[in-house]
file run02.csv (CSV, C-alpha atoms)
chain,number,residue,atom,x,y,z
A,1,MET,CA,37.7,-19.8,-31.2
A,2,LEU,CA,36.1,-23.2,-30.8
A,3,ARG,CA,39.5,-24.6,-30.1
A,4,ARG,CA,40.2,-22.1,-27.4
A,5,PHE,CA,36.8,-22.7,-25.9
A,6,ALA,CA,37.5,-26.4,-26.1
A,7,ARG,CA,40.8,-26.0,-24.2
A,8,GLN,CA,39.0,-24.1,-21.5
A,9,LEU,CA,36.4,-26.9,-21.2
A,10,SER,CA,39.1,-29.6,-21.6
A,11,VAL,CA,37.1,-31.4,-24.3
A,12,PRO,CA,37.8,-32.2,-27.9
A,13,PRO,CA,36.8,-29.4,-30.3
A,14,SER,CA,34.6,-31.7,-32.2
A,15,SER,CA,32.2,-32.0,-29.3
A,16,VAL,CA,32.2,-28.3,-28.4
A,17,GLY,CA,30.1,-27.3,-31.3
A,18,ARG,CA,27.4,-29.8,-30.5
A,19,ARG,CA,27.4,-28.8,-26.8
A,20,LEU,CA,27.2,-25.2,-27.7
A,21,ARG,CA,24.2,-25.9,-29.9
A,22,VAL,CA,22.6,-27.7,-26.9
A,23,ALA,CA,23.4,-24.9,-24.5
A,24,SER,CA,22.1,-22.3,-27.0
A,25,ALA,CA,18.9,-24.3,-27.4
A,26,ILE,CA,18.4,-24.4,-23.6
A,27,ILE,CA,19.1,-20.7,-23.3
A,28,ALA,CA,16.7,-20.0,-26.2
A,29,LEU,CA,14.1,-22.0,-24.4
A,30,GLY,CA,14.6,-20.0,-21.3
A,31,LEU,CA,14.2,-16.8,-23.1
A,32,VAL,CA,11.0,-18.0,-24.8
A,33,ALA,CA,9.7,-19.2,-21.4
A,34,SER,CA,10.5,-15.9,-19.8
A,35,GLY,CA,8.9,-14.1,-22.7
A,36,CYS,CA,5.8,-16.2,-22.3
A,37,ALA,CA,5.7,-15.5,-18.6
A,38,ALA,CA,5.8,-11.8,-19.3
A,39,ASN,CA,2.8,-12.1,-21.5
A,40,THR,CA,0.6,-14.0,-19.1
A,41,PRO,CA,-2.3,-12.1,-17.5
A,42,GLY,CA,0.3,-11.4,-14.7
A,43,ASN,CA,1.6,-8.5,-16.8
A,44,ALA,CA,-1.0,-5.8,-17.2
A,45,SER,CA,1.2,-3.8,-19.5
A,46,SER,CA,0.7,-6.4,-22.1
A,47,SER,CA,-3.0,-6.0,-22.1
A,48,ILE,CA,-3.2,-2.2,-21.9
A,49,THR,CA,-0.9,-0.3,-24.1
A,50,ALA,CA,0.3,3.2,-23.7
A,51,SER,CA,-1.1,4.5,-26.9
A,52,ALA,CA,-3.6,6.8,-25.4
A,53,THR,CA,-6.6,8.0,-27.3
A,54,THR,CA,-8.4,11.1,-26.5
A,55,SER,CA,-11.3,13.1,-27.8
A,56,SER,CA,-8.8,15.5,-29.3
A,57,THR,CA,-5.7,15.0,-31.4
A,58,ALA,CA,-3.2,15.7,-28.6
A,59,PRO,CA,-1.9,12.5,-26.9
A,60,ASP,CA,-0.6,12.8,-23.4
A,61,PRO,CA,3.2,12.9,-23.4
A,62,ASP,CA,3.3,11.0,-20.1
A,63,ALA,CA,0.9,8.2,-21.3
A,64,SER,CA,3.5,5.4,-20.9
A,65,ARG,CA,4.3,6.4,-17.3
A,66,ILE,CA,0.7,6.9,-16.3
A,67,VAL,CA,-0.3,3.5,-17.8
A,68,SER,CA,2.7,1.9,-16.0
A,69,ILE,CA,1.7,3.4,-12.7
A,70,ALA,CA,-1.9,2.3,-13.2
A,71,SER,CA,-0.8,-1.2,-14.2
A,72,ASP,CA,1.4,-1.6,-11.2
A,73,VAL,CA,-1.3,-0.5,-8.8
A,74,ALA,CA,-3.8,-2.8,-10.5
A,75,LYS,CA,-1.5,-5.7,-10.1
A,76,ALA,CA,-0.8,-4.9,-6.4
A,77,ASN,CA,-4.5,-4.9,-5.8
A,78,GLY,CA,-5.2,-8.3,-7.4
A,79,ASP,CA,-6.0,-7.6,-11.1
A,80,SER,CA,-3.0,-7.9,-13.4
A,81,ALA,CA,-5.2,-7.4,-16.5
A,82,PRO,CA,-7.4,-4.3,-15.9
A,83,THR,CA,-10.0,-3.8,-18.6
A,84,ALA,CA,-9.6,0.0,-18.8
A,85,ILE,CA,-7.3,2.8,-17.8
A,86,GLN,CA,-8.5,6.4,-18.1
A,87,TRP,CA,-7.0,9.6,-16.8
A,88,VAL,CA,-7.4,13.4,-16.7
A,89,ARG,CA,-5.3,16.3,-15.6
A,90,ALA,CA,-6.9,18.8,-13.2
A,91,THR,CA,-6.2,20.7,-10.0
A,92,ARG,CA,-6.2,18.8,-6.7
A,93,GLY,CA,-9.2,20.9,-5.7
A,94,ALA,CA,-11.3,19.8,-8.7
A,95,ILE,CA,-10.2,16.2,-8.3
A,96,ALA,CA,-11.1,16.2,-4.6
A,97,GLN,CA,-14.5,17.5,-5.5
A,98,LEU,CA,-15.1,14.8,-8.0
A,99,MET,CA,-13.8,12.1,-5.7
A,100,ASP,CA,-15.7,13.7,-2.8
A,101,PHE,CA,-13.2,14.6,-0.1
A,102,GLY,CA,-12.0,17.8,1.4
A,103,VAL,CA,-8.4,19.2,0.9
A,104,PRO,CA,-6.6,22.1,2.6
A,105,ALA,CA,-7.0,25.4,0.8
A,106,ASP,CA,-3.3,25.6,0.0
A,107,GLN,CA,-3.4,22.3,-1.9
A,108,ARG,CA,-6.4,23.1,-4.2
A,109,ALA,CA,-4.4,24.7,-7.0
A,110,ILE,CA,-1.8,21.9,-7.3
A,111,ASN,CA,-1.9,20.2,-10.7
A,112,GLU,CA,-2.4,16.5,-10.5
A,113,ILE,CA,-3.5,13.5,-12.6
A,114,LEU,CA,-6.5,11.4,-11.7
A,115,ILE,CA,-6.3,7.9,-13.0
A,116,LEU,CA,-9.4,5.6,-13.1
A,117,VAL,CA,-8.7,1.9,-13.5
A,118,THR,CA,-11.4,-0.6,-14.2
A,119,GLY,CA,-11.1,-4.3,-13.3
A,120,SER,CA,-11.7,-6.5,-10.2
A,121,PHE,CA,-9.7,-5.4,-7.2
A,122,SER,CA,-9.1,-6.2,-3.6
A,123,ALA,CA,-6.9,-4.1,-1.4
A,124,THR,CA,-4.8,-6.4,0.7
A,125,ASN,CA,-2.6,-3.5,1.9
A,126,ALA,CA,-5.4,-1.2,2.8
A,127,LYS,CA,-5.2,0.3,6.3
A,128,LEU,CA,-8.1,-1.0,8.4
A,129,PRO,CA,-9.3,-0.8,12.0
A,130,PRO,CA,-8.9,-4.0,13.9
A,131,THR,CA,-12.6,-4.3,14.2
A,132,VAL,CA,-13.0,-4.7,10.4
A,133,THR,CA,-12.1,-8.0,8.8
A,134,SER,CA,-13.2,-7.7,5.1
A,135,LEU,CA,-10.8,-6.1,2.7
A,136,PRO,CA,-12.0,-3.2,0.6
A,137,SER,CA,-12.8,-4.3,-2.9
A,138,GLY,CA,-14.5,-3.1,-6.1
A,139,ARG,CA,-14.3,-2.7,-9.8
A,140,ASN,CA,-12.4,0.6,-9.8
A,141,LEU,CA,-9.2,2.1,-8.5
A,142,GLU,CA,-8.8,5.9,-8.3
A,143,ILE,CA,-5.2,7.0,-8.2
A,144,VAL,CA,-4.1,10.6,-7.9
A,145,VAL,CA,-0.6,11.4,-8.9
A,146,ASP,CA,1.4,14.6,-8.6
A,147,PRO,CA,3.3,14.8,-11.9
A,148,SER,CA,5.9,17.1,-10.4
A,149,SER,CA,7.3,14.3,-8.3
A,150,TRP,CA,5.2,11.3,-9.6
A,151,ALA,CA,4.3,10.6,-6.0
A,152,THR,CA,0.8,9.2,-5.5
A,153,THR,CA,-1.2,11.3,-3.1
A,154,ASP,CA,-4.7,9.7,-3.0
A,155,PHE,CA,-6.2,6.3,-3.7
A,156,GLY,CA,-9.6,4.9,-3.8
A,157,ILE,CA,-11.0,1.4,-4.3
A,158,GLY,CA,-14.7,0.7,-4.9
A,159,ASN,CA,-17.4,1.0,-7.5
A,160,PHE,CA,-17.1,4.5,-8.7
A,161,ASP,CA,-19.4,6.1,-11.2
A,162,ILE,CA,-17.3,9.2,-12.0
A,163,ASP,CA,-17.0,11.0,-15.3
A,164,LEU,CA,-13.5,12.2,-15.8
A,165,SER,CA,-14.5,14.3,-18.8
A,166,THR,CA,-16.1,16.7,-16.3
A,167,LEU,CA,-12.6,17.7,-15.3
A,168,GLY,CA,-11.1,18.2,-18.7
A,169,LEU,CA,-9.7,16.1,-21.5
A,170,ALA,CA,-10.0,12.5,-20.6
A,171,HIS,CA,-7.5,10.1,-22.0
A,172,THR,CA,-8.0,6.3,-22.5
A,173,ALA,CA,-5.2,3.8,-22.8
B,174,MET,CA,43.4,-48.2,-24.3
B,175,LEU,CA,42.2,-45.8,-21.7
B,176,HIS,CA,44.4,-42.9,-20.5
B,177,PHE,CA,43.6,-41.5,-17.1
B,178,PRO,CA,44.3,-37.9,-18.0
B,179,VAL,CA,41.6,-38.1,-20.8
B,180,ILE,CA,39.1,-39.6,-18.4
B,181,GLY,CA,39.8,-36.9,-15.9
B,182,ALA,CA,39.4,-34.2,-18.5
B,183,ARG,CA,36.1,-35.7,-19.7
B,184,LEU,CA,34.8,-36.0,-16.1
B,185,LYS,CA,35.7,-32.4,-15.5
B,186,SER,CA,33.9,-31.2,-18.7
B,187,CYS,CA,30.9,-33.4,-17.8
B,188,CYS,CA,30.7,-31.8,-14.4
B,189,ARG,CA,30.8,-28.3,-15.9
B,190,LEU,CA,28.1,-29.1,-18.5
B,191,LEU,CA,26.0,-30.6,-15.7
B,192,ALA,CA,26.4,-27.5,-13.6
B,193,LEU,CA,25.4,-25.4,-16.6
B,194,ILE,CA,22.3,-27.5,-17.2
B,195,VAL,CA,21.4,-27.2,-13.6
B,196,VAL,CA,21.8,-23.4,-13.6
B,197,ILE,CA,19.8,-23.0,-16.8
B,198,GLY,CA,17.2,-25.6,-15.6
B,199,ALA,CA,16.7,-23.7,-12.4
B,200,TYR,CA,16.3,-20.5,-14.5
B,201,LEU,CA,13.7,-22.2,-16.7
B,202,ILE,CA,11.7,-23.7,-13.8
B,203,GLY,CA,11.8,-20.4,-11.9
B,204,MET,CA,13.0,-22.3,-8.8
B,205,PRO,CA,10.8,-20.4,-6.3
B,206,THR,CA,12.4,-20.4,-2.9
B,207,PRO,CA,10.0,-21.7,-0.3
B,208,ALA,CA,8.4,-18.6,1.1
B,209,MET,CA,7.2,-18.5,4.7
B,210,ALA,CA,3.9,-16.7,5.1
B,211,ASP,CA,4.3,-13.6,7.3
B,212,ALA,CA,2.2,-14.1,10.4
B,213,CYS,CA,1.1,-10.4,10.1
B,214,ALA,CA,0.1,-10.6,6.4
B,215,SER,CA,-3.5,-10.4,7.5
B,216,HIS,CA,-2.6,-7.3,9.6
B,217,CYS,CA,-1.4,-7.3,13.2
B,218,TYR,CA,-2.6,-4.8,15.8
B,219,ALA,CA,-1.8,-3.4,19.2
B,220,TYR,CA,-4.4,-0.9,20.3
B,221,ALA,CA,-6.7,0.6,22.9
B,222,ASP,CA,-10.4,0.1,22.3
B,223,TRP,CA,-13.2,2.1,23.7
B,224,THR,CA,-16.6,0.9,22.3
B,225,VAL,CA,-19.9,2.2,23.6
B,226,THR,CA,-23.5,1.2,22.8
B,227,PRO,CA,-25.9,3.8,21.3
B,228,PRO,CA,-27.4,6.2,22.4
B,229,SER,CA,-23.9,6.7,23.8
B,230,GLY,CA,-21.3,7.8,21.2
B,231,PHE,CA,-18.6,10.2,20.3
B,232,SER,CA,-18.5,13.3,18.1
B,233,GLY,CA,-14.7,13.5,18.1
B,234,MET,CA,-11.4,12.2,19.4
B,235,GLU,CA,-7.9,13.6,19.9
B,236,VAL,CA,-4.7,11.9,20.9
B,237,SER,CA,-1.1,12.9,20.9
B,238,LEU,CA,1.1,10.4,19.0
B,239,ARG,CA,4.7,9.9,19.6
B,240,THR,CA,6.8,7.6,17.4
B,241,ASN,CA,10.5,7.1,18.3
B,242,CYS,CA,11.3,4.8,15.4
B,243,MET,CA,9.4,3.2,12.6
B,244,SER,CA,10.5,0.7,9.9
B,245,VAL,CA,9.6,-2.4,8.0
B,246,ALA,CA,12.1,-4.7,6.3
B,247,ASN,CA,10.5,-4.1,2.9
B,248,ASN,CA,9.0,-0.6,2.4
B,249,MET,CA,7.5,-1.7,-1.0
B,250,THR,CA,5.3,-4.5,0.3
B,251,ASP,CA,4.6,-3.7,4.0
B,252,PHE,CA,3.7,-0.9,6.3
B,253,VAL,CA,3.4,0.0,10.0
B,254,THR,CA,1.4,2.8,11.6
B,255,ASN,CA,0.9,4.6,14.8
B,256,GLU,CA,-2.6,6.0,14.5
B,257,GLU,CA,-6.2,6.5,15.7
B,258,TRP,CA,-9.5,5.2,14.3
B,259,PHE,CA,-13.0,6.8,14.6
B,260,VAL,CA,-15.5,4.1,13.8
B,261,GLN,CA,-19.2,3.5,13.4
B,262,GLY,CA,-19.7,-0.2,12.3
B,263,ASN,CA,-18.0,-0.8,8.9
B,264,TYR,CA,-17.4,2.9,8.3
B,265,TRP,CA,-14.5,4.9,9.7
B,266,VAL,CA,-11.9,7.6,9.5
B,267,GLU,CA,-8.4,7.0,10.6
B,268,ALA,CA,-5.3,9.2,10.8
B,269,GLY,CA,-1.8,9.0,12.1
B,270,ILE,CA,1.8,8.3,11.1
B,271,THR,CA,3.0,5.6,8.7
B,272,ILE,CA,5.9,4.3,6.8
B,273,GLY,CA,6.2,1.7,4.0
B,274,ALA,CA,3.7,0.6,1.3
B,275,LYS,CA,0.8,2.7,0.2
B,276,TYR,CA,-1.8,0.3,-1.1
B,277,GLY,CA,-2.5,2.4,-4.1
B,278,GLY,CA,1.1,2.5,-5.4
B,279,GLY,CA,4.4,3.7,-4.2
B,280,TYR,CA,5.8,3.6,-0.8
B,281,LEU,CA,7.1,5.9,2.0
B,282,THR,CA,10.8,5.6,3.1
B,283,ARG,CA,10.2,8.1,5.9
B,284,ALA,CA,7.5,8.4,8.5
B,285,GLU,CA,4.6,10.7,7.2
B,286,PRO,CA,1.2,11.7,8.3
B,287,TYR,CA,-1.8,10.2,6.4
B,288,TRP,CA,-5.5,9.8,6.8
B,289,ALA,CA,-7.9,7.2,5.3
B,290,ASP,CA,-11.6,6.5,5.4
B,291,ASN,CA,-14.2,4.0,4.4
B,292,ARG,CA,-17.6,5.4,3.5
B,293,PRO,CA,-21.1,4.1,2.8
B,294,GLY,CA,-22.5,3.7,-0.7
B,295,SER,CA,-20.2,4.4,-3.5
B,296,GLY,CA,-17.8,6.3,-1.2
B,297,SER,CA,-15.8,3.2,-0.4
B,298,TYR,CA,-12.2,3.2,0.8
B,299,HIS,CA,-9.6,5.9,0.3
B,300,GLU,CA,-6.1,6.9,1.6
B,301,HIS,CA,-4.6,10.3,1.5
B,302,TYR,CA,-1.0,11.4,1.7
B,303,GLY,CA,1.2,14.4,0.8
B,304,PHE,CA,1.4,16.2,4.1
B,305,GLY,CA,5.2,16.2,4.5
B,306,ALA,CA,7.4,14.4,6.9
B,307,TYR,CA,6.8,13.5,10.5
B,308,THR,CA,9.7,14.2,12.8
B,309,LEU,CA,10.5,11.1,14.8
B,310,GLN,CA,10.6,11.4,18.6
B,311,THR,CA,8.1,14.3,18.7
B,312,TYR,CA,4.5,14.5,19.8
B,313,THR,CA,1.9,15.3,17.2
B,314,SER,CA,-1.7,15.9,17.9
B,315,ILE,CA,-4.3,14.2,15.7
B,316,ILE,CA,-8.0,15.3,15.9
B,317,ILE,CA,-10.9,13.6,14.1
B,318,SER,CA,-14.2,15.3,14.7
B,319,LYS,CA,-17.7,15.6,13.2
B,320,THR,CA,-21.0,17.3,13.8
B,321,VAL,CA,-23.2,14.4,14.8
B,322,SER,CA,-26.0,15.4,12.4
B,323,SER,CA,-23.6,15.8,9.5
B,324,SER,CA,-21.9,13.2,7.4
B,325,GLN,CA,-18.6,15.2,7.2
B,326,ILE,CA,-15.7,14.2,9.4
B,327,ASP,CA,-12.7,16.5,9.6
B,328,ILE,CA,-9.1,15.7,10.3
B,329,TYR,CA,-6.4,17.9,11.9
B,330,GLN,CA,-2.8,17.5,12.7
B,331,ASP,CA,-1.3,19.9,15.3
B,332,GLY,CA,-4.2,22.3,14.6
B,333,SER,CA,-3.7,22.2,10.8
B,334,TYR,CA,-6.5,21.0,8.6
B,335,LEU,CA,-5.5,17.8,6.7
B,336,GLY,CA,-8.8,17.1,5.0
B,337,SER,CA,-12.4,16.0,5.3
B,338,SER,CA,-14.1,12.7,4.8
B,339,THR,CA,-17.4,13.7,3.2
B,340,SER,CA,-20.5,11.6,2.7
B,341,ASN,CA,-19.5,9.3,5.6
B,342,PHE,CA,-21.7,8.0,8.3
B,343,THR,CA,-24.3,10.1,10.0
B,344,GLY,CA,-24.7,10.1,13.8
B,345,ALA,CA,-22.0,9.4,16.3
B,346,ALA,CA,-19.0,7.1,16.3
B,347,THR,CA,-19.4,4.3,18.7
B,348,THR,CA,-15.7,3.1,18.8
B,349,LEU,CA,-12.5,4.9,19.4
B,350,LEU,CA,-9.3,3.0,18.8
B,351,ALA,CA,-5.6,4.0,18.9
B,352,GLY,CA,-2.3,2.1,18.4
B,353,ASN,CA,-0.3,0.2,15.8
B,354,GLU,CA,-1.2,-1.7,12.7
B,355,THR,CA,1.3,-3.6,10.5
B,356,THR,CA,1.4,-6.2,7.7
B,357,THR,CA,4.7,-7.7,8.7
B,358,THR,CA,6.5,-9.3,11.7
B,359,THR,CA,9.6,-7.4,10.6
B,360,ALA,CA,8.0,-4.1,11.8
B,361,HIS,CA,10.0,-2.2,14.3
B,362,THR,CA,8.3,0.7,16.0
B,363,PHE,CA,8.2,2.1,19.4
B,364,GLY,CA,5.9,4.9,20.5
B,365,SER,CA,3.0,6.0,22.5
B,366,VAL,CA,-0.5,7.3,22.4
B,367,THR,CA,-0.9,10.0,25.0
B,368,ALA,CA,-3.4,12.7,26.1
B,369,MET,CA,-6.3,10.5,25.0
B,370,GLN,CA,-9.4,12.7,24.7
B,371,TRP,CA,-12.9,12.4,23.4
B,372,ARG,CA,-15.8,14.7,22.5
B,373,ASP,CA,-19.3,13.8,23.6
B,374,LEU,CA,-22.6,14.3,21.7
B,375,THR,CA,-22.9,17.9,22.9
B,376,ASN,CA,-19.5,18.7,21.5
B,377,VAL,CA,-17.8,18.9,24.9
B,378,TRP,CA,-14.2,17.6,25.1
B,379,HIS,CA,-13.1,15.2,27.9
B,380,THR,CA,-9.8,13.9,29.0
B,381,ASP,CA,-9.2,10.1,29.5
B,382,TRP,CA,-11.0,7.4,27.5
B,383,HIS,CA,-13.4,6.6,30.3
B,384,SER,CA,-16.8,7.6,31.6
B,385,ALA,CA,-19.5,4.9,32.4
B,386,SER,CA,-17.2,2.4,30.6
B,387,GLY,CA,-13.6,2.7,29.7
B,388,ALA,CA,-11.1,1.7,27.1
B,389,THR,CA,-9.5,-1.7,27.2
B,390,LEU,CA,-6.3,-3.1,25.8
B,391,PRO,CA,-7.1,-6.3,23.8
B,392,THR,CA,-4.3,-8.8,23.6
B,393,PRO,CA,-1.9,-7.5,20.9
B,394,ASP,CA,-0.8,-9.6,17.9
B,395,ALA,CA,2.8,-10.7,18.3
B,396,PRO,CA,5.3,-9.2,17.7
B,397,LEU,CA,3.4,-6.1,18.7
B,398,TYR,CA,2.9,-5.2,22.3
B,399,SER,CA,0.9,-2.7,24.3
B,400,MET,CA,0.6,-1.5,27.9
B,401,TRP,CA,-1.0,1.2,29.9
B,402,MET,CA,1.4,3.7,31.3
B,403,THR,CA,-1.5,5.6,32.8
B,404,GLN,CA,-4.8,3.8,32.3
B,405,TYR,CA,-7.2,5.5,29.9
B,406,SER,CA,-4.8,8.4,29.0
B,407,TRP,CA,-1.4,7.0,28.1
B,408,MET,CA,-0.6,3.8,26.2
B,409,ARG,CA,2.8,2.6,25.0
B,410,SER,CA,3.0,0.2,22.1
B,411,GLY,CA,5.3,-1.1,19.4
B,412,ALA,CA,7.3,-4.0,18.1
B,413,GLY,CA,10.9,-4.8,18.6
B,414,ALA,CA,13.4,-3.1,21.0
B,415,ALA,CA,12.9,0.3,22.4
B,416,CYS,CA,14.5,3.1,20.4
call {"tool": "encode", "arguments": {"input": "run02.csv", "output": "structure tokens"}}
result
Amino acid sequence: MLRRFARQLSVPPSSVGRRLRVASAIIALGLVASGCAANTPGNASSSITASATTSSTAPDPDASRIVSIASDVAKANGDSAPTAIQWVRATRGAIAQLMDFGVPADQRAINEILILVTGSFSATNAKLPPTVTSLPSGRNLEIVVDPSSWATTDFGIGNFDIDLSTLGLAHTA
Amino acid sequence: MLHFPVIGARLKSCCRLLALIVVIGAYLIGMPTPAMADACASHCYAYADWTVTPPSGFSGMEVSLRTNCMSVANNMTDFVTNEEWFVQGNYWVEAGITIGAKYGGGYLTRAEPYWADNRPGSGSYHEHYGFGAYTLQTYTSIIISKTVSSSQIDIYQDGSYLGSSTSNFTGAATTLLAGNETTTTTAHTFGSVTAMQWRDLTNVWHTDWHSASGATLPTPDAPLYSMWMTQYSWMRSGAGAAC
């Protein structure tokens, strides 16, 4: 095989082995480097795992997906290593009441997930009036997800003192 | 004794090895391509602005939005809107049509209605979606209204209730705005804000954004543009070619 590879490279077989070792080392370095990059604070999923704990024995079957959503949103809002991710499943009506906004009557019974992320955030892509120059910021993100489509329906950024356990079983990543 | 065919073969192999090292090196270093900062990264606007001084103020606003086309080059990172804002200082409610990135995750590949607010205290900033698709090239009426003595502000689209911003500012709004916002110069949108109406402090509706003073069109941020089609009642704005 070395001989065939040597013919392709037009070099003596004796030098192919050495060059392959060099190339392998470089590739290995690359893999190590990329692995290191993935473990920098830039990757939130490395700091928060999906092994959710709850006050009961039943883990959330969608924990990985929920943590992934929370991590992506945290990263997009300036904190790649959030310190906490919690969530609770409840109706949209109950979530809206806790987050303090009004929803149409026909949306109140929809089952959704409220995710509360803790860290240090700044919303560069928030929609703002032209008269406002400072970006919304805070130590919390609220993310509401419809698990039937996994579309995000509501977001909040600020310093929120909300207790998810008032809505049901609160999970913590 | 040197043989030219051998030299040629060695040169060839050296070149190949060099190319391999360059490729792997580029991979190791990451080779970031020089990125040009988008001139609209800090948000660009084209809008009509009617600001009054207390005790004057507004208890509501209504405009009819029409968007003929709406897009950004990268839906995952940028957005563009056609919308209205109901503002008192640093607190507000806004509602309209948007496409592209939702700051809280995910993105819209079709134009959809939304509303957002920024509230005092721990209320802070929120965005709300999930109201279905907006049909391009149609007029849609957006109302934002409040009872002046209350801190609740309600949002309606074509007469349907979209939601309420609760625990927001008390008193009247002092600024009404309408137009486009985007985070990218790649935005392409063409539309209008028509039937511009406002509600006074006694809850009476009026046509045209004008009484003692009137709305102005501040210079838009390129590539956005704006112009009055009929002053105080019909503004056209967008970015890119008509569509």
call {"tool": "interface_residues", "arguments": {"input": "run02.csv", "of": "chain B", "to": "chain A", "cutoff": "7 Å", "atoms": "all atoms listed in the file", "output": "NGL selection string"}}
result
:B and (182-183 or 186 or 197 or 201 or 218 or 258 or 263 or 276-279 or 295 or 297-303 or 334-339)
call {"tool": "residues_around", "arguments": {"input": "run02.csv", "residues": "region 240-248 of chain B", "least_positions_apart": "5", "cutoff": "12 Å", "atoms": "all atoms listed in the file", "output": "mmCIF file with C-alpha atoms, keeping the file's coordinate frame"}}
result
data_model
loop_
_atom_site.group_PDB
_atom_site.id
_atom_site.type_symbol
_atom_site.label_atom_id
_atom_site.label_comp_id
_atom_site.auth_asym_id
_atom_site.auth_seq_id
_atom_site.Cartn_x
_atom_site.Cartn_y
_atom_site.Cartn_z
ATOM 1 C CA ASN A 125 -2.600 -3.500 1.900
ATOM 2 C CA ASP B 211 4.300 -13.600 7.300
ATOM 3 C CA CYS B 213 1.100 -10.400 10.100
ATOM 4 C CA VAL B 253 3.400 0.000 10.000
ATOM 5 C CA THR B 254 1.400 2.800 11.600
ATOM 6 C CA ASN B 255 0.900 4.600 14.800
ATOM 7 C CA GLU B 256 -2.600 6.000 14.500
ATOM 8 C CA GLY B 269 -1.800 9.000 12.100
ATOM 9 C CA ILE B 270 1.800 8.300 11.100
ATOM 10 C CA THR B 271 3.000 5.600 8.700
ATOM 11 C CA ILE B 272 5.900 4.300 6.800
ATOM 12 C CA GLY B 273 6.200 1.700 4.000
ATOM 13 C CA ALA B 274 3.700 0.600 1.300
ATOM 14 C CA LYS B 275 0.800 2.700 0.200
ATOM 15 C CA TYR B 276 -1.800 0.300 -1.100
ATOM 16 C CA GLY B 278 1.100 2.500 -5.400
ATOM 17 C CA GLY B 279 4.400 3.700 -4.200
ATOM 18 C CA TYR B 280 5.800 3.600 -0.800
ATOM 19 C CA LEU B 281 7.100 5.900 2.000
ATOM 20 C CA THR B 282 10.800 5.600 3.100
ATOM 21 C CA ARG B 283 10.200 8.100 5.900
ATOM 22 C CA ALA B 284 7.500 8.400 8.500
ATOM 23 C CA GLU B 285 4.600 10.700 7.200
ATOM 24 C CA PRO B 286 1.200 11.700 8.300
ATOM 25 C CA TYR B 307 6.800 13.500 10.500
ATOM 26 C CA THR B 308 9.700 14.200 12.800
ATOM 27 C CA LEU B 309 10.500 11.100 14.800
ATOM 28 C CA GLN B 310 10.600 11.400 18.600
ATOM 29 C CA THR B 311 8.100 14.300 18.700
ATOM 30 C CA TYR B 312 4.500 14.500 19.800
ATOM 31 C CA THR B 313 1.900 15.300 17.200
ATOM 32 C CA SER B 314 -1.700 15.900 17.900
ATOM 33 C CA GLY B 352 -2.300 2.100 18.400
ATOM 34 C CA ASN B 353 -0.300 0.200 15.800
ATOM 35 C CA GLU B 354 -1.200 -1.700 12.700
ATOM 36 C CA THR B 355 1.300 -3.600 10.500
ATOM 37 C CA THR B 356 1.400 -6.200 7.700
ATOM 38 C CA THR B 357 4.700 -7.700 8.700
ATOM 39 C CA THR B 358 6.500 -9.300 11.700
ATOM 40 C CA THR B 359 9.600 -7.400 10.600
ATOM 41 C CA ALA B 360 8.000 -4.100 11.800
ATOM 42 C CA HIS B 361 10.000 -2.200 14.300
ATOM 43 C CA THR B 362 8.300 0.700 16.000
ATOM 44 C CA PHE B 363 8.200 2.100 19.400
ATOM 45 C CA GLY B 364 5.900 4.900 20.500
ATOM 46 C CA SER B 365 3.000 6.000 22.500
ATOM 47 C CA VAL B 366 -0.500 7.300 22.400
ATOM 48 C CA THR B 367 -0.900 10.000 25.000
ATOM 49 C CA ARG B 409 2.800 2.600 25.000
ATOM 50 C CA SER B 410 3.000 0.200 22.100
ATOM 51 C CA GLY B 411 5.300 -1.100 19.400
ATOM 52 C CA ALA B 412 7.300 -4.000 18.100
ATOM 53 C CA GLY B 413 10.900 -4.800 18.600
ATOM 54 C CA ALA B 414 13.400 -3.100 21.000
ATOM 55 C CA ALA B 415 12.900 0.300 22.400
ATOM 56 C CA CYS B 416 14.500 3.100 20.400
#
call {"tool": "atom_distance", "arguments": {"input": "run02.csv", "atom1": "CA of Gln261 (chain B)", "atom2": "CA of Val236 (chain B)"}}
result
18.4 Å
call {"tool": "residues_around", "arguments": {"input": "run02.csv", "residues": "Ser165 (chain A)", "least_positions_apart": "2", "cutoff": "10 Å", "atoms": "only C-alpha atoms", "output": "count of residues only"}}
result
12
call {"tool": "atom_distance", "arguments": {"input": "run02.csv", "atom1": "CA of Cys217 (chain B)", "atom2": "CA of Met249 (chain B)"}}
result
17.7 Å
call {"tool": "atom_distance", "arguments": {"input": "run02.csv", "atom1": "CA of Gln325 (chain B)", "atom2": "CA of Thr389 (chain B)"}}
result
27.7 Å
call {"tool": "closest_residue", "arguments": {"input": "run02.csv", "among": "A:Ile85, A:Ala58, A:Ile95, A:Ala63", "to": "Thr172 (chain A)", "atoms": "all atoms listed in the file"}}
result
A:Ile85
call {"tool": "closest_residue", "arguments": {"input": "run02.csv", "among": "A:Gly93, A:Pro147, A:Pro61, A:Pro82", "to": "Phe121 (chain A)", "atoms": "all atoms listed in the file"}}
result
A:Pro82
call {"tool": "residues_around", "arguments": {"input": "run02.csv", "residues": "Pro293 (chain B)", "least_positions_apart": "4", "cutoff": "8 Å", "atoms": "all atoms listed in the file", "output": "short mmCIF file (atom, residue, chain, number, x, y, z; two decimals) with C-alpha atoms, keeping the file's coordinate frame"}}
result
data_model
loop_
_atom_site.label_atom_id
_atom_site.label_comp_id
_atom_site.auth_asym_id
_atom_site.auth_seq_id
_atom_site.Cartn_x
_atom_site.Cartn_y
_atom_site.Cartn_z
CA TYR B 264 -17.40 2.90 8.30
CA SER B 297 -15.80 3.20 -0.40
CA SER B 340 -20.50 11.60 2.70
CA ASN B 341 -19.50 9.30 5.60
CA PHE B 342 -21.70 8.00 8.30
#
